[in-house]
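Here the structure comes first, spelled out in structure tokens, and everything after it is commentary.
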Amino acid sequence: MSSKISVRDAIVEHFDTLIDDATGKRHFWDYFLLYLMPIAGGILVAWIPVNLKSVGDIIAGVSILTALLFGLIIYVFQLRLQVAADPRIVRGGVLMTLLDQLFANLIYAVIIGLGATVLAVSASASADSDGSINPWWSALVVTAGSHLVLTILMCLKRTRDAYAQLTI
């Protein structure tokens, strides 16, 4: 893949944030929650089976959310520059680490959002005349969507933790 469009480093940086703070080792429960739970939800949707409808609404929602997340990346980038210039903030401290992790997680969330949007557009292209998509497409859309939501929740937690560091 061309280095100009490769997102590999961004994905690796995201995975590097999925560690136990106490031990510095990979945290199984992060992987379970962020990856295995959405996959299990997708399998359940395919097994029941569920035919999602109104995929156009899903496309609109996910694409708007992805655009907002991209805007948030720019804000966190600017915030990181301001915090780094503040002499009261310890370099390499908890706040800086949280902001770096938040930045990595937000970039990953935008990548997932873009992927989910493309996936939903592809599913929509195969929709029946009543606007429903088959259970396999539904399962993929649910898996990607739930993974995106859980990643955003992780970003919210990191934002709260960073704020807590400012109030100490």
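Going by the structure tokens order, chains are called A, B, ..., each with residues numbered from 1, while ligands are numbered from 1 in the order shown.
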Close residues, segment 138-147 of chain A itself excluded, 6 Å, only C-alpha atoms, min 4 positions apart in chain, as a PyMOL selection string: chain A and resi 34+38-39+42+45-46+51-52+116
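Separating atom CA of Leu102 of chain A from atom CA of Val118 of chain A is a distance of 24.2 Å.
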Quick one: which segment 36-141 of chain A residues come within 9 Å of segment 16-24 of chain A, and what is the nearest atom pair for each with the distance in Å to one decimal, counting only C-alpha atoms, rows ordered by chain and ascending number, as a tab-separated table?
```
residue	atom	partner	partner_atom	distance
A:Gln101	CA	A:Thr17	CA	5.9
A:Leu102	CA	A:Thr17	CA	8.8
A:Ala104	CA	A:Thr17	CA	7.8
A:Asn105	CA	A:Thr17	CA	7.8
```
Write the residues of the preceding selection, restricted to N, CA and C atoms, as an mmCIF file, in the first residue's frame.
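part.cif written:
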```cif
data_model
loop_
_atom_site.group_PDB
_atom_site.id
_atom_site.type_symbol
_atom_site.label_atom_id
_atom_site.label_comp_id
_atom_site.auth_asym_id
_atom_site.auth_seq_id
_atom_site.Cartn_x
_atom_site.Cartn_y
_atom_site.Cartn_z
ATOM 1 N N GLN A 101 -2.991 9.387 23.893
ATOM 2 C CA GLN A 101 -3.863 8.228 23.694
ATOM 3 C C GLN A 101 -5.190 8.633 23.074
ATOM 4 N N LEU A 102 -5.740 9.741 23.550
ATOM 5 C CA LEU A 102 -7.001 10.234 22.987
ATOM 6 C C LEU A 102 -6.836 10.541 21.504
ATOM 7 N N ALA A 104 -4.686 9.210 19.388
ATOM 8 C CA ALA A 104 -4.573 7.939 18.660
ATOM 9 C C ALA A 104 -5.942 7.263 18.530
ATOM 10 N N ASN A 105 -6.726 7.281 19.597
ATOM 11 C CA ASN A 105 -8.045 6.655 19.567
ATOM 12 C C ASN A 105 -9.007 7.390 18.644
#
```
Option closest in space to Trp47 of chain A, from A:Gln82, A:Asn134, A:Ser122, A:Thr97 [counting only C-alpha atoms]: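 Smallest separation from Trp47 of chain A among the options: A:Asn134.
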Neighbour list for Leu156 of chain A as a list in words, cut-off 12 Å, only C-alpha atoms, skip fewer than 3 positions in-chain: Leu69, Leu72, Leu98, Leu99, Gln101, Leu102, Phe103, Asn105, Leu106, Ala109, Val149, Leu150, Thr151, Ile152, Leu153, Thr159, Arg160, Asp161, Ala162 and Tyr163 of chain A
The selected residues should be written to file as a compact mmCIF listing (two decimals), in the first residue's frame (atoms: N, CA, C and O atoms).
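File written: out.txt
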```
# COMPACT_ATOMS: atom_id res chain seq x y z
N LEU A 69 -15.97 13.66 14.41
CA LEU A 69 -14.77 13.08 15.02
C LEU A 69 -13.50 13.65 14.39
O LEU A 69 -12.52 13.90 15.09
N LEU A 72 -12.85 16.88 15.85
CA LEU A 72 -12.33 16.72 17.21
C LEU A 72 -10.84 16.39 17.19
O LEU A 72 -10.09 16.81 18.09
N LEU A 98 -2.50 10.88 28.37
CA LEU A 98 -3.93 10.77 28.05
C LEU A 98 -4.27 11.48 26.75
O LEU A 98 -5.05 10.97 25.94
N LEU A 99 -3.71 12.66 26.54
CA LEU A 99 -3.98 13.39 25.30
C LEU A 99 -3.42 12.65 24.09
O LEU A 99 -4.06 12.61 23.04
N GLN A 101 -2.99 9.39 23.89
CA GLN A 101 -3.86 8.23 23.69
C GLN A 101 -5.19 8.63 23.07
O GLN A 101 -5.69 7.95 22.18
N LEU A 102 -5.74 9.74 23.55
CA LEU A 102 -7.00 10.23 22.99
C LEU A 102 -6.84 10.54 21.50
O LEU A 102 -7.69 10.19 20.69
N PHE A 103 -5.74 11.17 21.14
CA PHE A 103 -5.48 11.49 19.74
C PHE A 103 -5.41 10.21 18.90
O PHE A 103 -6.05 10.12 17.84
N ASN A 105 -6.73 7.28 19.60
CA ASN A 105 -8.05 6.66 19.57
C ASN A 105 -9.01 7.39 18.64
O ASN A 105 -9.83 6.76 17.97
N LEU A 106 -8.92 8.71 18.60
CA LEU A 106 -9.79 9.48 17.70
C LEU A 106 -9.45 9.23 16.23
O LEU A 106 -10.36 9.09 15.40
N ALA A 109 -10.92 6.00 15.47
CA ALA A 109 -12.38 6.11 15.34
C ALA A 109 -12.78 6.67 13.99
O ALA A 109 -13.76 6.21 13.39
N VAL A 149 -19.08 2.82 18.13
CA VAL A 149 -19.68 3.39 19.34
C VAL A 149 -18.81 3.08 20.56
O VAL A 149 -18.55 3.96 21.40
N LEU A 150 -18.34 1.86 20.68
CA LEU A 150 -17.49 1.50 21.82
C LEU A 150 -16.16 2.25 21.81
O LEU A 150 -15.65 2.66 22.86
N THR A 151 -15.62 2.48 20.62
CA THR A 151 -14.38 3.25 20.51
C THR A 151 -14.62 4.70 20.93
O THR A 151 -13.79 5.30 21.63
N ILE A 152 -15.76 5.26 20.56
CA ILE A 152 -16.10 6.62 20.97
C ILE A 152 -16.27 6.69 22.49
O ILE A 152 -15.83 7.66 23.12
N LEU A 153 -16.89 5.67 23.08
CA LEU A 153 -17.02 5.65 24.53
C LEU A 153 -15.66 5.63 25.21
O LEU A 153 -15.45 6.28 26.25
N THR A 159 -11.15 11.43 27.67
CA THR A 159 -11.37 12.87 27.80
C THR A 159 -11.68 13.23 29.24
O THR A 159 -11.16 14.20 29.80
N ARG A 160 -12.53 12.44 29.88
CA ARG A 160 -12.87 12.67 31.27
C ARG A 160 -11.65 12.51 32.18
O ARG A 160 -11.42 13.32 33.09
N ASP A 161 -10.84 11.51 31.90
CA ASP A 161 -9.63 11.29 32.69
C ASP A 161 -8.64 12.44 32.52
O ASP A 161 -7.99 12.87 33.49
N ALA A 162 -8.53 12.98 31.31
CA ALA A 162 -7.64 14.12 31.07
C ALA A 162 -8.15 15.34 31.81
O ALA A 162 -7.37 16.09 32.43
N TYR A 163 -9.45 15.53 31.78
CA TYR A 163 -10.04 16.66 32.51
C TYR A 163 -9.78 16.53 34.00
O TYR A 163 -9.44 17.50 34.68
```
Backbone-only DSSP, alpha helix (DSSP H) members of chain A, as a ChimeraX atom specification: /A:8-16,28-31,37-47,55-85,94-125,135-166
